[in-house]
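Following: one structure in structure tokens, then a few remarks.
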Amino acid sequence: MISFESDYVSGAHPEVLKRLVETNFESLPGYGDDKYTVSAREKIKTVIGKPEADVFFVSGGTQVNQLVISTLLDDGDGVVAVKSGHINVHESGAIEFTGHKVLAIDGKDGKIVPEKLSEYLESDYDDHMVRPGMLYISHPTEYGTIYSKKELCEIYGICKKHSIPLFIDGARLGYGLSCSKSDMDIKEIASMCDVFTIGGTKVGALCGEAAVFSGIRAPERFIAKIKQRGGLMAKGRVLGVQFDALFTDGLYFRISEHVAGMADMLRNGLIKLGVEFFVDSPTNQLFPVFDDSVIEKISGKVKYSFWEKAGHGRSVVRFATGWATEKEDIEELLTILNKVLKND
């Protein structure tokens with residue numbers, strides 16, 4: 001059965017796995033003090049053009065989101081996010097578990113709308129209310145949409161006006177930067193936020209995320225804070241070696257470009273089949289709308305993610321391309337869909 005269920009269903013990219021095997025018998029210091037982790041930090045600082053940045057490696061996406069948000073917020077403050085935002089919908093209340101509320105506001109196609117953000121931040125807050133203390137966005141969003149340079153610049157300006165940090169969840173950052181509609185590179189991302197993450201889990205690594213403080217300094221004793229929240233690996237080398245590999249010879253971006261190319265091929269094929277899309281996503285997450293009868297017929301042949309009901313006997317599913325997706329996988333999926341749609 002072919003799988004388009006998510007972009008983390010395969011293991012590590014062969015080049016990453018090769019480096020893990022090659023370094024396996026080396027005796028290295030723990031907790032990120034090894035030479036590969038140090039090298040990975042420096043390579044990331046170089047690629048983002050911020051030698052002064054603070055870079056840390058954390059075990060997973062939920063851990064790093066909870067870590068960054070809980071350490072930057074003051075007591076009684078909450079984090080603003082769009083209602084469909086990952087921290088509001090898909091992290092089991094991990095942010096609220098720290099005593100901070102996710103302040104969810106309306107958006108459009110998974111994105112924060114600058115005008116609505118300004119209106120929300122300009123409201124009056126007293127000591128009996130949760131005050132917005134930072135803004136969280138993801139790039140790409142939960143719907144695979146991306147922010148333009150103009151939008152991000154405007155949003156960052158609003159955050160600066162209200163003296164709150166902007167945090168960008170970059171679990172799929174490479175796919176946002178590599179898609180055909182992107183007008184930003186990673187240096188521009190780093191210059192238009194206070195902290196962002198570079199996802200490894202979904203972009204070729206076995207696990208791990210990089211937290212990059214590019215606009216502000218990391219909180220004091222940040223390593224201790226990572227450990228307190230369960231995100232610090234004793235074998236920090238596992239993350240360091242992987243990110244060192246990802247940022248050697250542009251591997252992170254080569255992986256992202258391959259995934260974007262596979263997504264374009266699938267998108268174009270679905271368009272030719274006359275498939276309707278729930279949202280116009282230019283990245284590796286595609287959200288076609290099918291009759292429930294079609295979904296039932298492909299379920300034994302294709303793995304996908306169910307997204308939501310669309311009404312009138314139709315539903316939205318998600319097809320996601322990943323580093324292991326090949327042209328043959330796309331062709332097989334399109335052949336299956338063509339047969340089902342013709343006979344439905």
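Simple scheme: letters A, B, ... for chains in structure tokens order, numbers from 1 for residues in each chain, numbers from 1 for ligands in the order shown.
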Practice task
Quick one: everything within 12 Å of region 258-261 of chain A, counting only C-alpha atoms, minus sequence neighbours fewer than 6 positions away in the same chain. Send it as a PyMOL selection string.
Solution key: chain A and resi 4+6-7+13+144+172-182+202-204+251-252+267-268+281-286+320-327+330
Let me see the file: selected residues, N, CA and C atoms, as an mmCIF file, in the first residue's frame.
data_model
loop_
_atom_site.group_PDB
_atom_site.id
_atom_site.type_symbol
_atom_site.label_atom_id
_atom_site.label_comp_id
_atom_site.auth_asym_id
_atom_site.auth_seq_id
_atom_site.Cartn_x
_atom_site.Cartn_y
_atom_site.Cartn_z
ATOM 1 N N PHE A 4 0.664 8.302 1.653
ATOM 2 C CA PHE A 4 0.764 9.754 1.604
ATOM 3 C C PHE A 4 0.187 10.316 2.904
ATOM 4 N N SER A 6 1.611 11.153 5.839
ATOM 5 C CA SER A 6 2.298 12.307 6.413
ATOM 6 C C SER A 6 3.719 12.349 5.872
ATOM 7 N N ASP A 7 4.462 13.373 6.255
ATOM 8 C CA ASP A 7 5.845 13.511 5.807
ATOM 9 C C ASP A 7 6.839 13.000 6.842
ATOM 10 N N HIS A 13 16.524 10.205 6.001
ATOM 11 C CA HIS A 13 17.107 10.271 4.668
ATOM 12 C C HIS A 13 18.429 9.486 4.674
ATOM 13 N N GLY A 144 -1.081 23.974 4.974
ATOM 14 C CA GLY A 144 -0.072 23.980 3.925
ATOM 15 C C GLY A 144 0.123 25.319 3.246
ATOM 16 N N ARG A 172 7.855 22.347 9.223
ATOM 17 C CA ARG A 172 7.963 22.057 7.790
ATOM 18 C C ARG A 172 8.583 23.250 7.049
ATOM 19 N N LEU A 173 9.462 23.964 7.717
ATOM 20 C CA LEU A 173 9.993 25.203 7.152
ATOM 21 C C LEU A 173 10.590 25.015 5.763
ATOM 22 N N GLY A 174 11.348 23.952 5.573
ATOM 23 C CA GLY A 174 11.974 23.728 4.272
ATOM 24 C C GLY A 174 10.967 23.650 3.152
ATOM 25 N N TYR A 175 9.809 23.057 3.425
ATOM 26 C CA TYR A 175 8.788 22.913 2.397
ATOM 27 C C TYR A 175 8.105 24.241 2.103
ATOM 28 N N GLY A 176 8.019 25.094 3.099
ATOM 29 C CA GLY A 176 7.482 26.435 2.864
ATOM 30 C C GLY A 176 8.425 27.277 2.028
ATOM 31 N N LEU A 177 9.717 27.128 2.272
ATOM 32 C CA LEU A 177 10.713 27.937 1.554
ATOM 33 C C LEU A 177 10.955 27.443 0.134
ATOM 34 N N SER A 178 10.748 26.152 -0.095
ATOM 35 C CA SER A 178 11.085 25.559 -1.394
ATOM 36 C C SER A 178 9.932 25.514 -2.376
ATOM 37 N N CYS A 179 8.725 25.815 -1.942
ATOM 38 C CA CYS A 179 7.596 25.736 -2.869
ATOM 39 C C CYS A 179 7.650 26.892 -3.874
ATOM 40 N N SER A 180 6.973 26.721 -4.991
ATOM 41 C CA SER A 180 7.070 27.669 -6.109
ATOM 42 C C SER A 180 6.531 29.058 -5.773
ATOM 43 N N LYS A 181 5.640 29.160 -4.801
ATOM 44 C CA LYS A 181 5.055 30.455 -4.465
ATOM 45 C C LYS A 181 5.798 31.200 -3.359
ATOM 46 N N SER A 182 6.875 30.625 -2.863
ATOM 47 C CA SER A 182 7.629 31.281 -1.789
ATOM 48 C C SER A 182 8.432 32.461 -2.323
ATOM 49 N N LYS A 202 10.233 16.141 10.158
ATOM 50 C CA LYS A 202 9.465 16.059 8.916
ATOM 51 C C LYS A 202 10.315 16.332 7.679
ATOM 52 N N VAL A 203 11.576 16.659 7.873
ATOM 53 C CA VAL A 203 12.428 17.033 6.733
ATOM 54 C C VAL A 203 13.714 16.214 6.732
ATOM 55 N N GLY A 204 13.570 14.893 6.833
ATOM 56 C CA GLY A 204 14.700 14.015 6.587
ATOM 57 C C GLY A 204 15.412 13.438 7.784
ATOM 58 N N LEU A 251 21.910 19.790 2.088
ATOM 59 C CA LEU A 251 21.016 18.629 2.082
ATOM 60 C C LEU A 251 19.597 19.004 2.501
ATOM 61 N N TYR A 252 19.455 19.826 3.528
ATOM 62 C CA TYR A 252 18.122 20.222 4.006
ATOM 63 C C TYR A 252 17.302 20.829 2.872
ATOM 64 N N ARG A 267 -0.076 17.579 -7.407
ATOM 65 C CA ARG A 267 -1.080 18.648 -7.543
ATOM 66 C C ARG A 267 -1.551 18.764 -8.989
ATOM 67 N N ASN A 268 -0.600 18.789 -9.912
ATOM 68 C CA ASN A 268 -0.950 18.914 -11.329
ATOM 69 C C ASN A 268 -1.767 17.711 -11.806
ATOM 70 N N SER A 281 -3.150 25.139 -1.332
ATOM 71 C CA SER A 281 -1.880 24.936 -0.646
ATOM 72 C C SER A 281 -0.761 24.745 -1.665
ATOM 73 N N PRO A 282 0.279 25.583 -1.606
ATOM 74 C CA PRO A 282 1.381 25.447 -2.559
ATOM 75 C C PRO A 282 2.491 24.516 -2.074
ATOM 76 N N THR A 283 2.326 23.950 -0.870
ATOM 77 C CA THR A 283 3.406 23.152 -0.279
ATOM 78 C C THR A 283 3.131 21.660 -0.412
ATOM 79 N N ASN A 284 3.767 20.871 0.435
ATOM 80 C CA ASN A 284 3.695 19.411 0.287
ATOM 81 C C ASN A 284 2.437 18.794 0.889
ATOM 82 N N GLN A 285 1.619 19.594 1.554
ATOM 83 C CA GLN A 285 0.353 19.092 2.090
ATOM 84 C C GLN A 285 -0.784 19.512 1.158
ATOM 85 N N LEU A 286 -1.451 18.539 0.556
ATOM 86 C CA LEU A 286 -2.543 18.810 -0.373
ATOM 87 C C LEU A 286 -3.849 18.318 0.239
ATOM 88 N N ALA A 320 0.223 13.980 1.758
ATOM 89 C CA ALA A 320 1.479 14.680 2.024
ATOM 90 C C ALA A 320 2.631 13.942 1.361
ATOM 91 N N THR A 321 3.449 14.671 0.627
ATOM 92 C CA THR A 321 4.661 14.084 0.070
ATOM 93 C C THR A 321 5.785 14.243 1.088
ATOM 94 N N GLY A 322 6.762 13.339 1.030
ATOM 95 C CA GLY A 322 7.890 13.377 1.954
ATOM 96 C C GLY A 322 9.188 13.078 1.239
ATOM 97 N N TRP A 323 10.274 12.976 2.007
ATOM 98 C CA TRP A 323 11.593 12.802 1.375
ATOM 99 C C TRP A 323 11.681 11.476 0.608
ATOM 100 N N ALA A 324 10.894 10.481 1.043
ATOM 101 C CA ALA A 324 10.965 9.179 0.390
ATOM 102 C C ALA A 324 9.970 9.026 -0.757
ATOM 103 N N THR A 325 9.149 10.033 -1.003
ATOM 104 C CA THR A 325 8.184 9.964 -2.098
ATOM 105 C C THR A 325 8.911 10.005 -3.442
ATOM 106 N N GLU A 326 8.541 9.098 -4.340
ATOM 107 C CA GLU A 326 9.146 9.057 -5.665
ATOM 108 C C GLU A 326 8.078 9.216 -6.746
ATOM 109 N N LYS A 327 8.547 9.476 -7.948
ATOM 110 C CA LYS A 327 7.649 9.681 -9.095
ATOM 111 C C LYS A 327 6.690 8.507 -9.259
ATOM 112 N N ILE A 330 3.633 8.731 -7.027
ATOM 113 C CA ILE A 330 2.646 9.697 -7.520
ATOM 114 C C ILE A 330 1.832 9.078 -8.659
#
Exercise for the section: Would you list, as a ChimeraX atom specification, the residues of region 8-156 of chain A that end up in helix (DSSP H, G or I) under DSSP run on this structure's backbone? Expected result: /A:14-22,35-48,61-72,86-89,94-97,114-121,149-156
Handout entry: Within 9 Å of Ala218 (chain A) using only C-alpha atoms, minus same-chain residues under 6 positions, as a PyMOL selection string
Key = chain A and resi 53-55+68+72+195+212
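DSSP, applied to the backbone of this structure, assigns strand (DSSP E) to the following residues of region 30-96 of chain A: Asp54, Val55, Phe56, Phe57, Val58, Asp77, Gly78, Val79, Val80, Ala81 and Val82 of chain A.
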Those selected residues, please, written with C-alpha atoms and delivered as a tab-separated table (two decimals), in the first residue's frame.
chain	number	residue	atom	x	y	z
A	54	ASP	CA	21.36	31.11	19.90
A	55	VAL	CA	20.70	27.60	18.54
A	56	PHE	CA	19.49	24.61	20.55
A	57	PHE	CA	18.41	21.11	19.57
A	58	VAL	CA	15.29	19.58	21.12
A	77	ASP	CA	0.24	35.79	29.85
A	78	GLY	CA	-0.98	33.70	26.92
A	79	VAL	CA	0.13	33.05	23.37
A	80	VAL	CA	-1.93	34.29	20.43
A	81	ALA	CA	-2.49	31.80	17.61
A	82	VAL	CA	-4.93	31.28	14.78
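Using only C-alpha atoms, the shortest contact distance between Ser3 (chain A) and any of A:Ser299, A:Asn343, A:Asn338, A:Ser163 is found at A:Ser299.
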Problem - Neighbour list for region 236-238 of chain A as a PyMOL selection string, cut-off 8 Å, only C-alpha atoms, skip fewer than 2 positions in-chain - result: chain A and resi 20+28+30-34+36-37+232-234+240-242
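A straight line drawn from CA of Asp194 (chain A) to CA of Leu117 (chain A) is 17.2 Å long.
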Practice task
Could you give me, as a ChimeraX atom specification, the residues within 8 Å of region 85-101 of chain A, counting only C-alpha atoms and dropping anything in the same chain fewer than 5 positions from it?
Solution key: /A:62,65-66,69-70,73,75-79,110,130,137-138,141-142
